[in-house]
$ cat work.txt   # compact mmCIF, C-alpha atoms
# COMPACT_ATOMS: atom_id res chain seq x y z
CA TYR A 1 0.00 0.00 0.00
CA ASN A 2 1.19 3.50 -0.88
CA VAL A 3 0.45 6.04 1.86
CA LEU A 4 0.70 9.82 1.58
CA VAL A 5 1.01 11.86 4.77
CA VAL A 6 0.49 15.63 4.59
CA VAL A 7 1.34 17.63 7.71
CA ARG A 8 1.48 21.31 8.65
CA ALA A 9 5.19 21.11 9.55
CA LEU A 10 7.79 18.37 9.86
CA SER A 11 10.67 18.37 12.31
CA LEU A 12 13.45 15.86 12.79
CA GLU A 13 11.98 15.04 16.21
CA ALA A 14 8.60 14.28 14.66
CA MET A 15 10.23 11.99 12.10
CA ARG A 16 12.17 10.24 14.85
CA ALA A 17 8.95 9.64 16.78
CA ALA A 18 7.26 8.17 13.72
CA GLY A 19 10.28 6.11 12.71
CA ALA A 20 9.25 2.85 14.37
CA VAL A 21 5.88 2.89 12.62
CA ALA A 22 7.50 3.67 9.26
CA ARG A 23 10.02 0.83 9.67
CA ALA A 24 7.30 -1.65 10.62
CA TRP A 25 5.24 -0.55 7.61
CA GLU A 26 8.23 -1.08 5.32
CA GLU A 27 9.10 -4.45 6.87
CA ALA A 28 5.52 -5.54 6.10
CA GLY A 29 6.32 -5.05 2.41
CA ASN A 30 5.03 -1.53 1.86
CA PRO A 31 6.88 1.61 0.70
CA VAL A 32 7.78 4.06 3.47
CA PRO A 33 4.96 6.67 3.66
CA LEU A 34 5.53 9.66 1.41
CA THR A 35 5.49 12.63 3.79
CA LEU A 36 5.14 16.27 2.75
CA THR A 37 4.23 19.50 4.44
CA GLU A 38 1.01 21.09 3.23
CA ALA A 39 3.01 23.85 1.55
CA GLU A 40 5.15 21.29 -0.31
CA TRP A 41 2.08 19.32 -1.34
CA ARG A 42 0.31 22.36 -2.77
CA SER A 43 3.39 23.84 -4.47
CA SER A 44 4.39 20.52 -6.09
CA VAL A 45 1.37 20.25 -8.38
CA ASP A 46 3.42 21.50 -11.34
CA VAL A 47 6.45 19.19 -10.92
CA PHE A 48 4.45 16.19 -9.65
CA ALA A 49 1.48 16.62 -11.98
CA ILE A 50 1.18 12.87 -12.68
CA GLU A 51 1.19 12.00 -8.98
CA HIS A 52 -1.35 14.69 -8.12
CA ALA A 53 -3.71 13.53 -10.88
CA ASP A 54 -3.30 9.86 -9.95
CA ILE A 55 -3.82 10.46 -6.23
CA LYS A 56 -6.85 12.66 -6.84
CA GLU A 57 -8.52 9.98 -8.93
CA ARG A 58 -7.59 6.91 -6.90
CA HIS A 59 -7.05 7.97 -3.28
CA ARG A 60 -8.88 6.97 -0.13
CA VAL A 61 -8.69 9.20 2.94
CA LEU A 62 -7.65 7.29 6.06
CA PHE A 63 -7.66 10.32 8.35
CA ALA A 64 -8.00 14.08 7.93
CA ALA A 65 -8.04 16.92 10.44
CA ASP A 66 -11.34 18.77 10.65
CA GLY A 67 -11.78 21.10 7.71
CA PHE A 68 -8.72 19.88 5.82
CA ASP A 69 -9.24 19.30 2.09
CA LEU A 70 -6.25 17.72 0.36
CA PHE A 71 -7.23 19.05 -3.06
CA ARG A 72 -8.61 22.48 -2.20
CA GLY A 73 -7.23 24.96 -4.72
CA ILE A 74 -5.25 22.31 -6.62
CA ASN A 75 -5.66 21.92 -10.37
CA VAL A 76 -3.35 19.85 -12.57
CA ALA A 77 -2.43 21.82 -15.69
CA PRO A 78 -2.32 19.75 -18.92
CA ARG A 79 0.96 21.46 -19.86
CA ASP A 80 2.61 20.29 -16.62
CA LEU A 81 1.19 16.79 -17.08
CA ARG A 82 2.53 16.61 -20.64
CA HIS A 83 6.04 17.73 -19.65
CA GLN A 84 6.35 15.37 -16.70
CA LEU A 85 4.87 12.46 -18.62
CA GLU A 86 7.39 12.71 -21.45
CA TYR A 87 10.26 13.03 -18.96
CA GLU A 88 9.11 10.07 -16.85
CA ALA A 89 8.38 7.85 -19.86
CA LEU A 90 11.86 8.36 -21.28
CA GLY A 91 13.40 7.80 -17.85
CA THR A 92 11.42 4.58 -17.45
CA LEU A 93 12.58 3.36 -20.86
CA LEU A 94 16.22 4.14 -20.09
CA ARG A 95 16.06 2.39 -16.70
CA LEU A 96 14.45 -0.63 -18.39
CA ARG A 97 17.28 -0.77 -20.94
CA GLY A 98 19.87 -0.58 -18.21
CA ARG A 99 18.29 -3.46 -16.34
CA ILE A 100 18.04 -5.50 -19.56
CA LEU A 101 21.74 -4.95 -20.20
CA ALA A 102 22.57 -6.05 -16.65
CA SER A 103 20.24 -9.07 -16.70
CA GLY A 104 22.69 -11.34 -18.52
CA ASP A 105 19.93 -13.30 -20.33
CA ASP A 106 18.81 -14.72 -16.97
CA PRO A 107 15.05 -15.47 -17.32
CA LYS A 108 14.45 -15.13 -13.58
CA VAL A 109 16.14 -11.74 -13.43
CA ARG A 110 14.29 -10.59 -16.55
CA THR A 111 10.96 -11.70 -15.11
CA GLY A 112 11.77 -9.77 -11.95
CA LEU A 113 12.65 -6.57 -13.80
CA LEU A 114 9.39 -6.73 -15.76
CA ALA A 115 7.36 -7.19 -12.59
CA ALA A 116 9.26 -4.41 -10.82
CA SER A 117 8.68 -1.89 -13.61
CA ALA A 118 4.97 -2.52 -14.04
CA SER A 119 3.66 -0.17 -11.35
CA GLN A 120 5.46 2.85 -12.85
CA VAL A 121 4.40 1.89 -16.38
CA LEU A 122 0.75 1.69 -15.32
CA VAL A 123 1.00 5.16 -13.75
CA LEU A 124 2.34 6.45 -17.08
CA PHE A 125 -0.47 4.77 -19.00
CA ARG A 126 -3.09 6.42 -16.79
CA ALA A 127 -1.44 9.81 -17.30
CA LEU A 128 -1.25 9.27 -21.06
CA LEU A 129 -4.97 8.57 -21.28
CA ARG A 130 -5.87 11.53 -19.06
CA LEU A 131 -3.72 13.82 -21.20
CA THR A 132 -5.53 12.70 -24.36
CA GLY A 133 -8.96 13.16 -22.80
CA GLU A 134 -9.76 9.53 -22.01
CA ALA A 135 -10.77 8.24 -18.59
CA PRO A 136 -8.30 5.49 -17.52
CA PRO A 137 -9.95 2.12 -16.86
CA SER A 138 -9.66 0.90 -13.27
CA ASP A 139 -8.68 -2.61 -14.40
CA ASN A 140 -4.98 -2.76 -15.26
CA GLU A 141 -5.32 -5.14 -18.20
CA ALA A 142 -7.98 -2.88 -19.73
CA LEU A 143 -5.70 0.08 -19.00
CA CYS A 144 -2.86 -1.52 -20.99
CA ARG A 145 -5.18 -2.17 -23.94
CA ALA A 146 -6.54 1.38 -23.91
CA ALA A 147 -3.05 2.93 -23.77
CA ALA A 148 -1.86 0.61 -26.55
CA ALA A 149 -4.80 1.58 -28.76
CA ARG A 150 -4.06 5.26 -28.17
CA ALA A 151 -0.29 5.17 -28.71
CA GLY A 152 -0.12 2.37 -31.28
CA PHE A 153 1.74 -0.50 -29.63
CA ASP A 154 1.02 -4.15 -28.85
CA ALA A 155 -0.74 -4.49 -25.49
CA ALA A 156 -0.06 -8.23 -25.15
CA PRO A 157 3.36 -8.03 -23.38
CA PHE A 158 2.01 -5.53 -20.84
CA VAL A 159 -1.13 -7.59 -20.23
CA ALA A 160 1.11 -10.64 -19.69
CA VAL A 161 3.15 -8.78 -17.05
CA VAL A 162 -0.04 -7.62 -15.27
CA ALA A 163 -1.35 -11.20 -15.26
CA HIS A 164 2.00 -12.41 -13.90
CA ARG A 165 1.87 -9.90 -11.06
CA ARG A 166 -1.70 -10.92 -10.29
CA GLY A 167 -0.70 -14.57 -10.26
CA THR A 168 -3.32 -15.52 -12.84
CA GLU A 169 -0.83 -16.51 -15.55
CA LYS A 170 2.86 -16.71 -14.69
CA LEU A 171 5.57 -15.91 -17.21
CA ASP A 172 7.60 -19.00 -18.10
CA ARG A 173 11.32 -19.17 -18.78
CA GLU A 174 10.82 -19.73 -22.50
CA GLY A 175 8.33 -16.90 -23.02
CA VAL A 176 9.93 -14.14 -20.97
CA ALA A 177 12.37 -13.07 -23.71
CA LYS A 178 9.53 -12.50 -26.17
CA VAL A 179 7.49 -10.59 -23.60
CA LEU A 180 10.50 -8.46 -22.67
CA ALA A 181 11.18 -7.61 -26.32
CA GLY A 182 7.57 -6.55 -26.87
CA TYR A 183 7.52 -4.61 -23.59
CA HIS A 184 10.65 -2.69 -24.59
CA GLU A 185 9.25 -1.98 -28.06
CA GLY A 186 6.02 -0.78 -26.50
CA MET A 187 7.82 1.66 -24.23
CA GLU A 188 9.82 2.95 -27.20
CA ARG A 189 6.53 3.61 -28.97
CA VAL A 190 5.08 5.42 -25.94
CA VAL A 191 8.09 7.74 -25.84
CA ALA A 192 7.86 8.43 -29.59
CA TYR A 193 4.09 9.03 -29.36
CA LEU A 194 4.44 11.51 -26.50
CA ASP A 195 7.10 13.39 -28.43
CA THR A 196 4.55 14.06 -31.19
CA LEU A 197 1.85 15.43 -28.85
CA PRO A 198 1.46 19.19 -28.89
CA VAL A 199 2.21 20.98 -25.65
CA PRO A 200 -1.07 22.36 -24.27
CA GLY A 201 -1.21 26.13 -23.86

$ encode --input "work.txt" --output "structure tokens"
Amino acid sequence: YNVLVVVRALSLEAMRAAGAVARAWEEAGNPVPLTLTEAEWRSSVDVFAIEHADIKERHRVLFAADGFDLFRGINVAPRDLRHQLEYEALGTLLRLRGRILASGDDPKVRTGLLAASASQVLVLFRALLRLTGEAPPSDNEALCRAAAARAGFDAAPFVAVVAHRRGTEKLDREGVAKVLAGYHEGMERVVAYLDTLPVPG
């Protein structure tokens, strides 16, 4: 589970006091809570446009102080979303290439790198669809198909990775190379497609 914590102010002493909870949360297999001050949260909407849009659409409030509205006065600008999306998509592609180069043709390692990259890729797909005026499907396999139809790549490798992560259809040693090749080609196409999109005014 990904948890966002927004506070009025954050001191070293406060972080020390919350450290045991954060460590236990991480040891249970979750990312350490992302913690921002309210000022940082509100001022980051331009540089973290993807995250703001994704959180707004998919979040669930666990606790909020009386009268606090996480999204009051916050609007994600399409121009900011477009810039961050192109930057993050290229970065994701380059990290994927680096991991492929370091994988040494090991099917287990390659399966692991596909599974590890999927969460970020799905975030990018949701942002791509929002940017082009389409509501992202809540189901991840449907999301892959919708993004593929929009950007012009084969959805099958991405659907296979989603199914692997779900445990419904595991990647086998023989098929992982083909899936990885299609996954890499798909990400190349996403980057090229985003480069052709006009920057909103």

$ closest_atom_pairs --input "work.txt" --of "segment 63-125 of chain A" --to "segment 22-41 of chain A" --cutoff "10 Å" --atoms "all atoms listed in the file" --output "tab-separated table"
residue	atom	partner	partner_atom	distance
A:Leu70	CA	A:Glu38	CA	8.5
A:Phe71	CA	A:Trp41	CA	9.5
A:Ile74	CA	A:Trp41	CA	9.5

$ write_last_selection --input "work.txt" --atoms "C-alpha atoms" --output "PDB file, keeping the file's coordinate frame"
ATOM      1  CA  LEU A  70      -6.250  17.720   0.360  1.00  0.00           C
ATOM      2  CA  PHE A  71      -7.230  19.050  -3.060  1.00  0.00           C
ATOM      3  CA  ILE A  74      -5.250  22.310  -6.620  1.00  0.00           C
TER       4      ILE A  74
END

$ closest_residue --input "work.txt" --among "A:Tyr183, A:Tyr87, A:Phe68, A:Tyr1" --to "Thr111 of chain A" --atoms "only C-alpha atoms"
A:Tyr183

$ residues_around --input "work.txt" --residues "Ala146 of chain A" --least-positions-apart "4" --cutoff "12 Å" --atoms "only C-alpha atoms" --output "list in words"
Leu122, Phe125, Arg126, Ala127, Leu128, Leu129, Arg130, Thr132, Glu134, Ala135, Pro136, Pro137, Ser138, Asp139, Asn140, Glu141, Ala142, Arg150, Ala151, Gly152, Phe153, Asp154, Ala155, Ala156, Phe158 and Val159 of chain A

$ atom_distance --input "work.txt" --atom1 "atom CA of Arg165 of chain A" --atom2 "atom CA of Gly98 of chain A"
21.5 Å

$ atom_distance --input "work.txt" --atom1 "atom CA of Pro200 of chain A" --atom2 "atom CA of Leu124 of chain A"
17.8 Å

$ atom_distance --input "work.txt" --atom1 "atom CA of Val47 of chain A" --atom2 "atom CA of Val123 of chain A"
15.3 Å

$ closest_residue --input "work.txt" --among "A:Val21, A:Val45, A:Ala53, A:Ala64" --to "Val5 of chain A" --atoms "all atoms listed in the file"
A:Ala64

$ residues_around --input "work.txt" --residues "Met187 of chain A" --least-positions-apart "2" --cutoff "12 Å" --atoms "all atoms listed in the file" --output "ChimeraX atom specification"
/A:86,88-97,117-118,120-122,124-125,144,147-148,151-155,157-158,180-185,189-194

$ residues_around --input "work.txt" --residues "Glu169 of chain A" --least-positions-apart "6" --cutoff "12 Å" --atoms "only C-alpha atoms" --output "ChimeraX atom specification"
/A:159-163,175

$ write_last_selection --input "work.txt" --atoms "C-alpha atoms" --output "mmCIF file, keeping the file's coordinate frame"
data_model
loop_
_atom_site.group_PDB
_atom_site.id
_atom_site.type_symbol
_atom_site.label_atom_id
_atom_site.label_comp_id
_atom_site.auth_asym_id
_atom_site.auth_seq_id
_atom_site.Cartn_x
_atom_site.Cartn_y
_atom_site.Cartn_z
ATOM 1 C CA VAL A 159 -1.130 -7.590 -20.230
ATOM 2 C CA ALA A 160 1.110 -10.640 -19.690
ATOM 3 C CA VAL A 161 3.150 -8.780 -17.050
ATOM 4 C CA VAL A 162 -0.040 -7.620 -15.270
ATOM 5 C CA ALA A 163 -1.350 -11.200 -15.260
ATOM 6 C CA GLY A 175 8.330 -16.900 -23.020
#

$ closest_residue --input "work.txt" --among "A:Asp172, A:Gly167, A:Ser119, A:Asp46" --to "Arg79 of chain A" --atoms "all atoms listed in the file"
A:Asp46

$ axis_aligned_box --input "work.txt" --around "segment 4-23 of chain A" --padding-each-side "8 Å" --output "JSON"
{"center_x": 7.0, "center_y": 11.1, "center_z": 9.2, "size_x": 29.0, "size_y": 36.5, "size_z": 31.2}

$ residues_around --input "work.txt" --residues "Leu62 of chain A" --least-positions-apart "2" --cutoff "12 Å" --atoms "only C-alpha atoms" --output "ChimeraX atom specification"
/A:2-6,59-60,64-65,70

$ build_atoms --input "work.txt" --residues "segment 15-36 of chain A" --atoms "N, CA and C atoms" --output "short mmCIF file (atom, residue, chain, number, x, y, z; two decimals), in the coordinates of the input"
data_model
loop_
_atom_site.label_atom_id
_atom_site.label_comp_id
_atom_site.auth_asym_id
_atom_site.auth_seq_id
_atom_site.Cartn_x
_atom_site.Cartn_y
_atom_site.Cartn_z
N MET A 15 9.87 13.15 12.92
CA MET A 15 10.23 11.99 12.10
C MET A 15 10.83 10.88 12.96
N ARG A 16 11.60 11.25 13.96
CA ARG A 16 12.17 10.24 14.85
C ARG A 16 11.05 9.51 15.59
N ALA A 17 10.05 10.25 16.04
CA ALA A 17 8.95 9.64 16.78
C ALA A 17 8.13 8.69 15.91
N ALA A 18 8.04 9.01 14.63
CA ALA A 18 7.26 8.17 13.72
C ALA A 18 8.09 7.07 13.08
N GLY A 19 9.39 7.04 13.38
CA GLY A 19 10.28 6.11 12.71
C GLY A 19 9.94 4.64 12.90
N ALA A 20 9.55 4.26 14.11
CA ALA A 20 9.25 2.85 14.37
C ALA A 20 8.06 2.38 13.54
N VAL A 21 7.05 3.24 13.43
CA VAL A 21 5.88 2.89 12.62
C VAL A 21 6.26 2.76 11.15
N ALA A 22 7.08 3.71 10.66
CA ALA A 22 7.50 3.67 9.26
C ALA A 22 8.32 2.42 8.96
N ARG A 23 9.21 2.03 9.89
CA ARG A 23 10.02 0.83 9.67
C ARG A 23 9.15 -0.42 9.66
N ALA A 24 8.19 -0.49 10.58
CA ALA A 24 7.30 -1.65 10.62
C ALA A 24 6.47 -1.75 9.34
N TRP A 25 6.03 -0.59 8.85
CA TRP A 25 5.24 -0.55 7.61
C TRP A 25 6.07 -1.05 6.44
N GLU A 26 7.34 -0.64 6.39
CA GLU A 26 8.23 -1.08 5.32
C GLU A 26 8.55 -2.57 5.44
N GLU A 27 8.79 -3.04 6.65
CA GLU A 27 9.10 -4.45 6.87
C GLU A 27 7.93 -5.35 6.50
N ALA A 28 6.71 -4.79 6.51
CA ALA A 28 5.52 -5.54 6.10
C ALA A 28 5.37 -5.59 4.59
N GLY A 29 6.33 -4.98 3.87
CA GLY A 29 6.32 -5.05 2.41
C GLY A 29 5.77 -3.84 1.70
N ASN A 30 5.59 -2.74 2.44
CA ASN A 30 5.03 -1.53 1.86
C ASN A 30 6.11 -0.45 1.72
N PRO A 31 5.94 0.49 0.77
CA PRO A 31 6.88 1.61 0.70
C PRO A 31 6.74 2.49 1.94
N VAL A 32 7.84 3.10 2.37
CA VAL A 32 7.78 4.06 3.47
C VAL A 32 6.80 5.18 3.09
N PRO A 33 5.93 5.62 4.00
CA PRO A 33 4.96 6.67 3.66
C PRO A 33 5.64 7.91 3.08
N LEU A 34 5.06 8.42 2.01
CA LEU A 34 5.53 9.66 1.41
C LEU A 34 5.00 10.81 2.26
N THR A 35 5.89 11.61 2.83
CA THR A 35 5.49 12.63 3.79
C THR A 35 5.90 14.01 3.31
N LEU A 36 4.91 14.91 3.19
CA LEU A 36 5.14 16.27 2.75
C LEU A 36 4.45 17.24 3.69
#
